[in-house]
>>> print(open('entry.cif').read())   # mmCIF, C-alpha atoms
data_structure
#
loop_
_atom_site.group_PDB
_atom_site.id
_atom_site.type_symbol
_atom_site.label_atom_id
_atom_site.label_comp_id
_atom_site.auth_asym_id
_atom_site.auth_seq_id
_atom_site.Cartn_x
_atom_site.Cartn_y
_atom_site.Cartn_z
ATOM 1 C CA MET A 1 0.000 0.000 0.000
ATOM 2 C CA LYS A 2 1.310 3.412 -0.904
ATOM 3 C CA LEU A 3 0.748 6.507 1.146
ATOM 4 C CA PRO A 4 -0.538 9.644 -0.577
ATOM 5 C CA ALA A 5 2.158 12.170 -1.452
ATOM 6 C CA ILE A 6 0.742 14.707 1.000
ATOM 7 C CA VAL A 7 1.612 12.462 3.950
ATOM 8 C CA HIS A 8 5.225 12.401 2.867
ATOM 9 C CA LYS A 9 5.231 16.135 2.356
ATOM 10 C CA PHE A 10 3.914 16.871 5.841
ATOM 11 C CA SER A 11 6.172 14.352 7.481
ATOM 12 C CA SER A 12 9.214 15.813 5.783
ATOM 13 C CA PRO A 13 11.835 16.590 8.431
ATOM 14 C CA ARG A 14 12.009 20.243 7.467
ATOM 15 C CA ASN A 15 8.266 20.756 7.634
ATOM 16 C CA PHE A 16 8.178 18.991 10.969
ATOM 17 C CA TYR A 17 10.960 21.144 12.370
ATOM 18 C CA VAL A 18 9.214 24.395 11.464
ATOM 19 C CA MET A 19 5.719 23.299 12.542
ATOM 20 C CA SER A 20 6.785 21.762 15.847
ATOM 21 C CA GLY A 21 8.767 24.886 16.702
ATOM 22 C CA LYS A 22 5.563 26.887 16.492
ATOM 23 C CA LEU A 23 3.425 24.359 18.393
ATOM 24 C CA ILE A 24 5.707 23.585 21.350
ATOM 25 C CA PRO A 25 5.071 26.814 23.340
ATOM 26 C CA TRP A 26 1.278 26.402 22.989
ATOM 27 C CA PHE A 27 1.340 22.814 24.227
ATOM 28 C CA GLY A 28 3.784 23.721 26.976
ATOM 29 C CA TRP A 29 1.797 26.604 28.425
ATOM 30 C CA ALA A 30 -1.510 24.731 28.127
ATOM 31 C CA CYS A 31 0.118 21.862 30.027
ATOM 32 C CA LEU A 32 1.253 24.166 32.836
ATOM 33 C CA LEU A 33 -2.185 25.757 33.113
ATOM 34 C CA LEU A 34 -3.947 22.373 33.260
ATOM 35 C CA THR A 35 -1.450 21.051 35.809
ATOM 36 C CA LEU A 36 -1.985 23.997 38.153
ATOM 37 C CA THR A 37 -5.779 23.752 37.839
ATOM 38 C CA GLY A 38 -5.665 19.983 38.298
ATOM 39 C CA LEU A 39 -3.443 20.270 41.377
ATOM 40 C CA TYR A 40 -5.702 22.892 42.913
ATOM 41 C CA TYR A 41 -8.834 20.790 42.446
ATOM 42 C CA GLY A 42 -7.066 17.569 43.380
ATOM 43 C CA LEU A 43 -5.171 18.666 46.465
ATOM 44 C CA VAL A 44 -7.378 21.465 47.809
ATOM 45 C CA LYS A 45 -10.928 21.196 46.493
ATOM 46 C CA ALA A 46 -11.590 17.451 46.332
ATOM 47 C CA PRO A 47 -12.872 15.974 49.630
ATOM 48 C CA PRO A 48 -10.972 13.167 51.416
ATOM 49 C CA ASP A 49 -11.956 9.604 50.503
ATOM 50 C CA TYR A 50 -14.373 7.920 52.907
ATOM 51 C CA GLN A 51 -12.150 4.823 53.178
ATOM 52 C CA GLN A 52 -8.636 5.988 52.388
ATOM 53 C CA GLY A 53 -8.700 9.492 53.849
ATOM 54 C CA GLU A 54 -6.176 11.871 52.348
ATOM 55 C CA SER A 55 -3.842 9.138 51.056
ATOM 56 C CA TYR A 56 -6.011 8.611 47.978
ATOM 57 C CA ARG A 57 -4.775 11.952 46.572
ATOM 58 C CA ILE A 58 -1.832 10.007 45.152
ATOM 59 C CA ILE A 59 -4.366 8.917 42.508
ATOM 60 C CA PHE A 60 -3.993 12.264 40.711
ATOM 61 C CA VAL A 61 -0.387 11.498 39.775
ATOM 62 C CA HIS A 62 -0.493 7.704 39.881
ATOM 63 C CA VAL A 63 -3.332 6.992 37.473
ATOM 64 C CA PRO A 64 -2.367 9.584 34.810
ATOM 65 C CA SER A 65 1.214 8.218 34.916
ATOM 66 C CA ALA A 66 -0.049 4.672 34.454
ATOM 67 C CA TRP A 67 -2.324 5.719 31.570
ATOM 68 C CA MET A 68 0.574 7.554 29.909
ATOM 69 C CA SER A 69 2.879 4.569 30.352
ATOM 70 C CA MET A 70 0.529 2.502 28.177
ATOM 71 C CA PHE A 71 -0.458 5.283 25.783
ATOM 72 C CA ILE A 72 3.154 6.190 25.005
ATOM 73 C CA TYR A 73 3.980 2.529 24.475
ATOM 74 C CA MET A 74 1.225 2.288 21.859
ATOM 75 C CA VAL A 75 2.448 5.466 20.153
ATOM 76 C CA MET A 76 5.967 4.043 20.157
ATOM 77 C CA ALA A 77 4.899 0.691 18.703
ATOM 78 C CA ILE A 78 2.594 2.196 16.077
ATOM 79 C CA SER A 79 5.052 4.828 14.890
ATOM 80 C CA GLY A 80 7.790 2.180 14.924
ATOM 81 C CA GLY A 81 5.535 0.031 12.737
ATOM 82 C CA ILE A 82 4.867 2.937 10.365
ATOM 83 C CA GLY A 83 8.612 3.518 10.078
ATOM 84 C CA LEU A 84 9.108 -0.177 9.400
ATOM 85 C CA ILE A 85 6.504 -0.405 6.642
ATOM 86 C CA TRP A 86 6.609 2.985 4.911
ATOM 87 C CA ARG A 87 10.178 3.990 5.751
ATOM 88 C CA ILE A 88 9.114 7.341 7.161
ATOM 89 C CA LYS A 89 12.110 8.684 9.056
ATOM 90 C CA LEU A 90 9.983 10.932 11.231
ATOM 91 C CA ALA A 91 8.011 7.938 12.510
ATOM 92 C CA ASP A 92 11.252 6.291 13.642
ATOM 93 C CA ILE A 93 12.280 9.498 15.339
ATOM 94 C CA VAL A 94 8.956 9.754 17.201
ATOM 95 C CA ALA A 95 9.363 6.163 18.402
ATOM 96 C CA SER A 96 12.896 6.779 19.678
ATOM 97 C CA SER A 97 11.976 10.100 21.296
ATOM 98 C CA SER A 98 8.986 8.530 23.080
ATOM 99 C CA ALA A 99 10.901 5.737 24.800
ATOM 100 C CA PRO A 100 12.595 7.700 27.618
ATOM 101 C CA ILE A 101 9.387 9.609 28.385
ATOM 102 C CA GLY A 102 7.391 6.377 28.468
ATOM 103 C CA ALA A 103 9.983 4.787 30.719
ATOM 104 C CA ALA A 104 9.773 7.779 33.066
ATOM 105 C CA PHE A 105 5.976 7.525 33.338
ATOM 106 C CA THR A 106 6.178 3.767 33.899
ATOM 107 C CA PHE A 107 8.712 4.327 36.672
ATOM 108 C CA LEU A 108 6.430 6.968 38.202
ATOM 109 C CA ALA A 109 3.381 4.692 38.009
ATOM 110 C CA LEU A 110 5.329 1.997 39.860
ATOM 111 C CA ALA A 111 6.927 4.345 42.405
ATOM 112 C CA THR A 112 3.772 6.307 43.277
ATOM 113 C CA GLY A 113 1.866 3.014 43.358
ATOM 114 C CA SER A 114 4.386 1.745 45.853
ATOM 115 C CA LEU A 115 4.001 4.888 47.965
ATOM 116 C CA TRP A 116 0.255 4.352 47.900
ATOM 117 C CA GLY A 117 0.457 0.612 48.510
ATOM 118 C CA LYS A 118 2.493 0.911 51.697
ATOM 119 C CA PRO A 119 -0.100 2.798 53.778
ATOM 120 C CA MET A 120 -3.134 1.073 52.172
ATOM 121 C CA TRP A 121 -2.034 -2.553 51.677
ATOM 122 C CA GLY A 122 0.797 -2.577 54.192
ATOM 123 C CA ALA A 123 3.352 -3.527 51.531
ATOM 124 C CA TRP A 124 5.556 -1.542 49.172
ATOM 125 C CA TRP A 125 5.343 -4.263 46.571
ATOM 126 C CA VAL A 126 3.372 -7.433 45.840
ATOM 127 C CA TRP A 127 3.996 -9.798 42.945
ATOM 128 C CA ASP A 128 0.503 -9.658 41.551
ATOM 129 C CA ALA A 129 -0.480 -9.442 37.892
ATOM 130 C CA ARG A 130 -0.999 -5.686 37.642
ATOM 131 C CA LEU A 131 2.293 -4.725 39.265
ATOM 132 C CA THR A 132 4.291 -7.432 37.534
ATOM 133 C CA SER A 133 2.979 -6.618 34.058
ATOM 134 C CA GLU A 134 3.663 -2.910 34.630
ATOM 135 C CA LEU A 135 7.210 -3.813 35.693
ATOM 136 C CA ILE A 136 7.569 -5.808 32.454
ATOM 137 C CA LEU A 137 6.485 -2.664 30.601
ATOM 138 C CA LEU A 138 9.373 -0.779 32.228
ATOM 139 C CA PHE A 139 11.761 -3.528 31.080
ATOM 140 C CA LEU A 140 10.342 -3.311 27.530
ATOM 141 C CA TYR A 141 11.071 0.430 27.453
ATOM 142 C CA LEU A 142 14.569 -0.062 28.867
ATOM 143 C CA GLY A 143 15.178 -2.928 26.422
ATOM 144 C CA PHE A 144 14.090 -0.723 23.524
ATOM 145 C CA ILE A 145 16.423 2.096 24.629
ATOM 146 C CA ALA A 146 19.362 -0.264 25.186
ATOM 147 C CA LEU A 147 18.798 -2.056 21.869
ATOM 148 C CA GLN A 148 18.715 1.186 19.904
ATOM 149 C CA ALA A 149 21.771 2.515 21.721
ATOM 150 C CA SER A 150 23.721 -0.619 20.823
ATOM 151 C CA ILE A 151 23.169 -0.352 17.048
ATOM 152 C CA GLU A 152 25.201 2.302 15.304
ATOM 153 C CA ASP A 153 23.343 2.653 11.992
ATOM 154 C CA PRO A 154 20.182 4.681 12.774
ATOM 155 C CA ARG A 155 18.069 2.804 10.199
ATOM 156 C CA ASN A 156 18.970 -0.604 11.577
ATOM 157 C CA ALA A 157 18.470 0.679 15.117
ATOM 158 C CA ALA A 158 14.999 1.955 14.203
ATOM 159 C CA ARG A 159 14.057 -1.349 12.594
ATOM 160 C CA ALA A 160 15.222 -3.495 15.505
ATOM 161 C CA GLY A 161 13.513 -1.209 18.015
ATOM 162 C CA ALA A 162 10.241 -1.266 16.092
ATOM 163 C CA VAL A 163 10.156 -5.081 16.047
ATOM 164 C CA LEU A 164 10.796 -5.222 19.793
ATOM 165 C CA ALA A 165 8.122 -2.579 20.452
ATOM 166 C CA LEU A 166 5.553 -4.396 18.293
ATOM 167 C CA VAL A 167 6.159 -7.761 19.969
ATOM 168 C CA GLY A 168 5.810 -6.090 23.374
ATOM 169 C CA VAL A 169 2.329 -4.747 22.528
ATOM 170 C CA VAL A 170 0.922 -8.070 23.794
ATOM 171 C CA ASN A 171 1.700 -6.796 27.315
ATOM 172 C CA ILE A 172 -0.655 -3.805 27.044
ATOM 173 C CA PRO A 173 -4.016 -5.658 27.217
ATOM 174 C CA ILE A 174 -2.495 -7.848 29.922
ATOM 175 C CA ILE A 175 -1.819 -4.748 32.050
ATOM 176 C CA HIS A 176 -5.280 -3.347 31.400
ATOM 177 C CA TYR A 177 -7.255 -6.519 32.140
ATOM 178 C CA SER A 178 -4.927 -7.912 34.823
ATOM 179 C CA VAL A 179 -7.163 -6.615 37.615
ATOM 180 C CA GLU A 180 -10.117 -8.518 36.153
ATOM 181 C CA TRP A 181 -8.399 -11.742 35.058
ATOM 182 C CA TRP A 182 -6.463 -12.431 38.235
ATOM 183 C CA SER A 183 -7.326 -11.842 41.864
ATOM 184 C CA THR A 184 -5.322 -8.941 43.140
ATOM 185 C CA LEU A 185 -4.917 -6.336 45.831
ATOM 186 C CA HIS A 186 -4.998 -3.625 43.189
ATOM 187 C CA GLN A 187 -8.359 -1.943 42.853
ATOM 188 C CA GLY A 188 -10.308 -2.356 39.641
ATOM 189 C CA PRO A 189 -10.759 0.358 37.021
ATOM 190 C CA THR A 190 -12.837 3.288 38.196
ATOM 191 C CA VAL A 191 -12.896 5.343 35.002
ATOM 192 C CA THR A 192 -11.995 3.276 31.928
ATOM 193 C CA LYS A 193 -14.908 0.870 31.848
ATOM 194 C CA PHE A 194 -18.152 0.683 29.954
ATOM 195 C CA ASP A 195 -20.255 1.295 33.027
ATOM 196 C CA LYS A 196 -20.509 4.779 34.488
ATOM 197 C CA PRO A 197 -17.286 5.763 36.310
ATOM 198 C CA SER A 198 -17.454 4.775 39.995
ATOM 199 C CA ILE A 199 -15.793 7.941 41.188
ATOM 200 C CA HIS A 200 -17.377 11.155 42.347
ATOM 201 C CA LEU A 201 -17.264 14.137 40.014
ATOM 202 C CA SER A 202 -15.232 16.193 42.519
ATOM 203 C CA MET A 203 -12.472 13.578 42.177
ATOM 204 C CA LEU A 204 -13.022 12.701 38.536
ATOM 205 C CA ILE A 205 -12.520 16.271 37.303
ATOM 206 C CA PRO A 206 -9.023 16.757 38.772
ATOM 207 C CA LEU A 207 -8.115 13.254 37.609
ATOM 208 C CA LEU A 208 -9.080 14.056 34.023
ATOM 209 C CA LEU A 209 -7.384 17.470 34.205
ATOM 210 C CA MET A 210 -4.148 15.849 35.337
ATOM 211 C CA ALA A 211 -4.466 13.144 32.681
ATOM 212 C CA LEU A 212 -4.845 15.786 29.980
ATOM 213 C CA ALA A 213 -1.952 17.787 31.432
ATOM 214 C CA PHE A 214 0.289 14.694 31.345
ATOM 215 C CA LYS A 215 -0.724 14.043 27.750
ATOM 216 C CA LEU A 216 0.211 17.589 26.773
ATOM 217 C CA TYR A 217 3.450 17.211 28.696
ATOM 218 C CA TYR A 218 4.241 14.142 26.606
ATOM 219 C CA VAL A 219 3.407 15.911 23.332
ATOM 220 C CA THR A 220 5.572 18.895 24.299
ATOM 221 C CA SER A 221 8.587 16.893 25.343
ATOM 222 C CA VAL A 222 8.381 14.336 22.533
ATOM 223 C CA LEU A 223 8.382 17.199 20.009
ATOM 224 C CA MET A 224 11.365 18.818 21.737
ATOM 225 C CA ARG A 225 13.293 15.549 21.626
ATOM 226 C CA ALA A 226 12.296 14.779 18.053
ATOM 227 C CA ARG A 227 13.526 18.181 16.877
ATOM 228 C CA ASN A 228 17.023 17.433 18.151
ATOM 229 C CA TYR A 229 17.009 14.053 16.397
ATOM 230 C CA VAL A 230 15.832 15.680 13.176
ATOM 231 C CA LEU A 231 18.665 18.220 13.209
ATOM 232 C CA LEU A 232 21.248 15.522 13.810
ATOM 233 C CA ARG A 233 19.935 13.084 11.228
ATOM 234 C CA GLU A 234 19.440 15.750 8.568
ATOM 235 C CA GLN A 235 22.673 17.627 9.265
ATOM 236 C CA ASN A 236 23.898 17.145 5.715
ATOM 237 C CA SER A 237 20.924 18.849 4.112
ATOM 238 C CA ARG A 238 20.897 22.511 3.253
ATOM 239 C CA TRP A 239 17.903 23.554 5.353
ATOM 240 C CA VAL A 240 19.634 22.470 8.558
ATOM 241 C CA LYS A 241 22.554 24.705 7.706
ATOM 242 C CA GLU A 242 20.145 27.579 7.154
ATOM 243 C CA VAL A 243 18.418 26.919 10.474
ATOM 244 C CA ILE A 244 21.717 26.851 12.352
ATOM 245 C CA GLU A 245 22.894 30.063 10.740
ATOM 246 C CA ASN A 246 19.621 31.816 11.527
ATOM 247 C CA GLU A 247 19.536 30.669 15.142
ATOM 248 C CA SER A 248 23.036 31.862 15.964
ATOM 249 C CA MET B 1 -8.809 23.919 56.070
ATOM 250 C CA ASN B 2 -5.663 25.600 57.348
ATOM 251 C CA LEU B 3 -2.184 25.274 55.886
ATOM 252 C CA GLU B 4 -0.889 22.952 58.599
ATOM 253 C CA GLU B 5 -3.688 20.480 57.985
ATOM 254 C CA PHE B 6 -3.024 20.689 54.290
ATOM 255 C CA PHE B 7 0.621 19.708 54.678
ATOM 256 C CA HIS B 8 -0.240 17.056 57.232
ATOM 257 C CA MET B 9 -2.498 15.205 54.726
ATOM 258 C CA GLY B 10 -4.362 13.389 57.483
ATOM 259 C CA GLY B 11 -1.173 11.633 58.592
ATOM 260 C CA TYR B 12 -0.248 10.491 55.095
ATOM 261 C CA ALA B 13 2.047 13.465 54.423
ATOM 262 C CA PHE B 14 5.121 11.333 53.703
ATOM 263 C CA TYR B 15 3.383 9.152 51.107
ATOM 264 C CA VAL B 16 1.411 11.900 49.393
ATOM 265 C CA TRP B 17 4.203 14.486 49.218
ATOM 266 C CA SER B 18 6.819 11.920 48.210
ATOM 267 C CA SER B 19 4.588 10.904 45.306
ATOM 268 C CA TYR B 20 4.103 14.476 44.137
ATOM 269 C CA GLY B 21 7.744 15.411 44.727
ATOM 270 C CA LEU B 22 9.068 12.400 42.852
ATOM 271 C CA THR B 23 6.703 13.025 39.954
ATOM 272 C CA PHE B 24 7.818 16.657 39.810
ATOM 273 C CA ILE B 25 11.534 15.795 39.847
ATOM 274 C CA VAL B 26 11.298 13.082 37.186
ATOM 275 C CA LEU B 27 9.132 15.175 34.863
ATOM 276 C CA MET B 28 11.482 18.156 35.206
ATOM 277 C CA LEU B 29 14.484 15.985 34.330
ATOM 278 C CA ILE B 30 12.705 14.622 31.264
ATOM 279 C CA PHE B 31 11.697 18.153 30.259
ATOM 280 C CA PHE B 32 15.038 19.938 30.625
ATOM 281 C CA ARG B 33 17.258 17.270 29.109
ATOM 282 C CA PRO B 34 16.229 17.949 25.498
ATOM 283 C CA MET B 35 16.711 21.684 26.142
ATOM 284 C CA MET B 36 20.326 21.063 27.173
ATOM 285 C CA ALA B 37 20.752 18.627 24.317
ATOM 286 C CA LYS B 38 19.494 21.213 21.850
ATOM 287 C CA LYS B 39 22.127 23.714 22.928
ATOM 288 C CA GLN B 40 24.784 21.060 22.390
ATOM 289 C CA VAL B 41 23.403 20.055 18.976
ATOM 290 C CA LEU B 42 23.314 23.684 17.803
ATOM 291 C CA LYS B 43 26.848 24.264 19.064
ATOM 292 C CA ASP B 44 28.243 21.127 17.419
ATOM 293 C CA LEU B 45 26.559 21.781 14.092
ATOM 294 C CA ARG B 46 27.602 25.439 14.079
ATOM 295 C CA MET B 47 31.231 24.353 14.555
ATOM 296 C CA LYS B 48 30.911 21.748 11.821
ATOM 297 C CA PHE B 49 29.440 24.174 9.285
ATOM 298 C CA ARG B 50 32.034 26.830 10.103
ATOM 299 C CA GLN B 51 34.787 24.308 9.505
ATOM 300 C CA GLN B 52 33.215 23.309 6.204
ATOM 301 C CA ASP B 53 33.029 26.934 5.096
ATOM 302 C CA ARG B 54 36.661 27.490 5.972
ATOM 303 C CA GLN B 55 37.728 24.451 3.976
ATOM 304 C CA ALA B 56 35.657 25.532 1.000
ATOM 305 C CA LYS B 57 37.456 28.860 0.800
#
>>> encode(input="entry.cif", output="structure tokens")
Amino acid sequence: MKLPAIVHKFSSPRNFYVMSGKLIPWFGWACLLLTLTGLYYGLVKAPPDYQQGESYRIIFVHVPSAWMSMFIYMVMAISGGIGLIWRIKLADIVASSSAPIGAAFTFLALATGSLWGKPMWGAWWVWDARLTSELILLFLYLGFIALQASIEDPRNAARAGAVLALVGVVNIPIIHYSVEWWSTLHQGPTVTKFDKPSIHLSMLIPLLLMALAFKLYYVTSVLMRARNYVLLREQNSRWVKEVIENES
Amino acid sequence: MNLEEFFHMGGYAFYVWSSYGLTFIVLMLIFFRPMMAKKQVLKDLRMKFRQQDRQAK
């Protein structure tokens, strides 16, 4: 299957560099605004939980981190796949730029989960399905980063990384459904289910605000990272030289 | 709610504030690294192009 010419035109490295430069400040400031609003509603306005007291407020960083850990993995695998099939350099760059951010969110989901688990379950860590599959996700990210770092030729590195990322996709539904398939200490989904969310609006709103803020944070930082990659990989083309001369 | 109560977090201060602090630190690191990297990339490429220009003359 061939992609229409317009796709190639818009994913041209030069076009991307110019467009992303204009978009980054908008995403960045919107992210900051949403974060501050989300924190205010989450830490100040939302009432304490009737069972967990104030400790539940960890949810406003824990759950968005966990969502992002899976979302970024899917972006990484899909853009890796696009790079593999249609040889679009920008797709490879997006996959590589996403990996460290995804790894960071996975680490945060695990660490904040641990800090929540200790007071509520009495244990920092349990080897149940949800926690174990999320830990495997962290290893998939780290494996992807290590694999790409070990291959010198950027095209081969992109290809190898994409295959690893695509194979690892099998872990994503396992993470999501782990709380339903296996008995666990981890609570079930409260928002992402077909039934009405079992969380009060005063808690749901800050949760969604923080989730959106984290998503914008990812978009901002993935664009910033991708721009550096683009400059390095395109350094022999004339437009890069023009950009460098104009920015100095 | 007064400020002391707010920081106390119903006795869960350590767990709640560690979570938020850790999240803040990690996200800042992830955010500022590409900014530093960009400076380096621009510097390296500027040097490279200057060298090329000199050789071309």
>>> resolve_selection(input="entry.cif", expression="the PyMOL selection byres ((chain B) within 6 of (chain A))", output="ChimeraX atom specification")
/B:9-10,12,15-16,19,31,34,38
>>> residues_around(input="entry.cif", residues="Ala95 (chain A)", least_positions_apart="4", cutoff="9 Å", atoms="all atoms listed in the file", output="short mmCIF file (atom, residue, chain, number, x, y, z; two decimals) with C-alpha atoms, keeping the file's coordinate frame")
data_model
loop_
_atom_site.label_atom_id
_atom_site.label_comp_id
_atom_site.auth_asym_id
_atom_site.auth_seq_id
_atom_site.Cartn_x
_atom_site.Cartn_y
_atom_site.Cartn_z
CA TYR A 73 3.98 2.53 24.48
CA VAL A 75 2.45 5.47 20.15
CA MET A 76 5.97 4.04 20.16
CA ALA A 77 4.90 0.69 18.70
CA ILE A 78 2.59 2.20 16.08
CA SER A 79 5.05 4.83 14.89
CA GLY A 80 7.79 2.18 14.92
CA GLY A 83 8.61 3.52 10.08
CA LEU A 90 9.98 10.93 11.23
CA ALA A 91 8.01 7.94 12.51
CA ALA A 99 10.90 5.74 24.80
CA ALA A 158 15.00 1.96 14.20
CA GLY A 161 13.51 -1.21 18.02
CA ALA A 162 10.24 -1.27 16.09
#
>>> resolve_selection(input="entry.cif", expression="the PyMOL selection byres ((chain A and resi 196-211) around 8)", output="list in words")
Leu34, Thr35, Thr37, Gly38, Leu39, Tyr41, Gly42, Lys45, Ala46, Pro47, Ile59, Phe60, Val61, Val63, Pro64, Ser65, Trp67, Thr190, Val191, Thr192, Lys193, Phe194, Asp195, Leu212, Ala213, Phe214 and Lys215 of chain A
>>> closest_residue(input="entry.cif", among="A:Ile85, A:Pro154, A:Asn171, A:Val179", to="Asp128 (chain A)", atoms="all atoms listed in the file")
A:Val179
>>> resolve_selection(input="entry.cif", expression="the PyMOL selection byres ((chain A and resi 132) around 12)", output="PDB file with C-alpha atoms, in the frame of the given file")
ATOM      1  CA  THR A 106       6.178   3.767  33.899  1.00  0.00           C
ATOM      2  CA  LEU A 110       5.329   1.997  39.860  1.00  0.00           C
ATOM      3  CA  TRP A 125       5.343  -4.263  46.571  1.00  0.00           C
ATOM      4  CA  VAL A 126       3.372  -7.433  45.840  1.00  0.00           C
ATOM      5  CA  TRP A 127       3.996  -9.798  42.945  1.00  0.00           C
ATOM      6  CA  ASP A 128       0.503  -9.658  41.551  1.00  0.00           C
ATOM      7  CA  ALA A 129      -0.480  -9.442  37.892  1.00  0.00           C
ATOM      8  CA  ARG A 130      -0.999  -5.686  37.642  1.00  0.00           C
ATOM      9  CA  LEU A 131       2.293  -4.725  39.265  1.00  0.00           C
ATOM     10  CA  SER A 133       2.979  -6.618  34.058  1.00  0.00           C
ATOM     11  CA  GLU A 134       3.663  -2.910  34.630  1.00  0.00           C
ATOM     12  CA  LEU A 135       7.210  -3.813  35.693  1.00  0.00           C
ATOM     13  CA  ILE A 136       7.569  -5.808  32.454  1.00  0.00           C
ATOM     14  CA  LEU A 137       6.485  -2.664  30.601  1.00  0.00           C
ATOM     15  CA  LEU A 138       9.373  -0.779  32.228  1.00  0.00           C
ATOM     16  CA  PHE A 139      11.761  -3.528  31.080  1.00  0.00           C
ATOM     17  CA  ASN A 171       1.700  -6.796  27.315  1.00  0.00           C
ATOM     18  CA  ILE A 174      -2.495  -7.848  29.922  1.00  0.00           C
ATOM     19  CA  ILE A 175      -1.819  -4.748  32.050  1.00  0.00           C
ATOM     20  CA  SER A 178      -4.927  -7.912  34.823  1.00  0.00           C
ATOM     21  CA  VAL A 179      -7.163  -6.615  37.615  1.00  0.00           C
ATOM     22  CA  TRP A 182      -6.463 -12.431  38.235  1.00  0.00           C
ATOM     23  CA  THR A 184      -5.322  -8.941  43.140  1.00  0.00           C
ATOM     24  CA  HIS A 186      -4.998  -3.625  43.189  1.00  0.00           C
TER      25      HIS A 186
END
>>> atom_distance(input="entry.cif", atom1="CA of Ser69 (chain A)", atom2="CA of Gly102 (chain A)")
5.2 Å
>>> closest_residue(input="entry.cif", among="A:Ser20, A:Ser96, A:Gln51, A:Asn15", to="Arg159 (chain A)", atoms="all atoms listed in the file")
A:Ser96
>>> residues_around(input="entry.cif", residues="Ser12 (chain A)", least_positions_apart="6", cutoff="10 Å", atoms="only C-alpha atoms", output="list in words")
Ile6, Ile88, Lys89, Leu90 and Val230 of chain A
>>> atom_distance(input="entry.cif", atom1="CA of Tyr177 (chain A)", atom2="CA of Pro189 (chain A)")
9.1 Å
>>> build_atoms(input="entry.cif", residues="region 5-16 of chain B", atoms="N, CA and C atoms", output="short mmCIF file (atom, residue, chain, number, x, y, z; two decimals), in the coordinates of the input")
data_model
loop_
_atom_site.label_atom_id
_atom_site.label_comp_id
_atom_site.auth_asym_id
_atom_site.auth_seq_id
_atom_site.Cartn_x
_atom_site.Cartn_y
_atom_site.Cartn_z
N GLU B 5 -2.90 21.67 58.31
CA GLU B 5 -3.69 20.48 57.98
C GLU B 5 -3.40 20.00 56.57
N PHE B 6 -3.27 21.00 55.69
CA PHE B 6 -3.02 20.69 54.29
C PHE B 6 -1.72 19.91 54.12
N PHE B 7 -0.67 20.39 54.81
CA PHE B 7 0.62 19.71 54.68
C PHE B 7 0.64 18.38 55.43
N HIS B 8 -0.19 18.27 56.43
CA HIS B 8 -0.24 17.06 57.23
C HIS B 8 -0.90 15.90 56.46
N MET B 9 -1.82 16.20 55.57
CA MET B 9 -2.50 15.20 54.73
C MET B 9 -3.08 14.05 55.55
N GLY B 10 -3.71 14.40 56.66
CA GLY B 10 -4.36 13.39 57.48
C GLY B 10 -3.42 12.29 57.94
N GLY B 11 -2.14 12.63 58.13
CA GLY B 11 -1.17 11.63 58.59
C GLY B 11 -0.45 10.92 57.46
N TYR B 12 -0.87 11.16 56.23
CA TYR B 12 -0.25 10.49 55.10
C TYR B 12 0.75 11.40 54.37
N ALA B 13 1.20 12.46 55.07
CA ALA B 13 2.05 13.46 54.42
C ALA B 13 3.22 12.84 53.68
N PHE B 14 3.93 11.92 54.32
CA PHE B 14 5.12 11.33 53.70
C PHE B 14 4.78 10.69 52.36
N TYR B 15 3.72 9.89 52.33
CA TYR B 15 3.38 9.15 51.11
C TYR B 15 2.87 10.08 50.01
N VAL B 16 1.99 11.00 50.40
CA VAL B 16 1.41 11.90 49.39
C VAL B 16 2.48 12.83 48.82
#
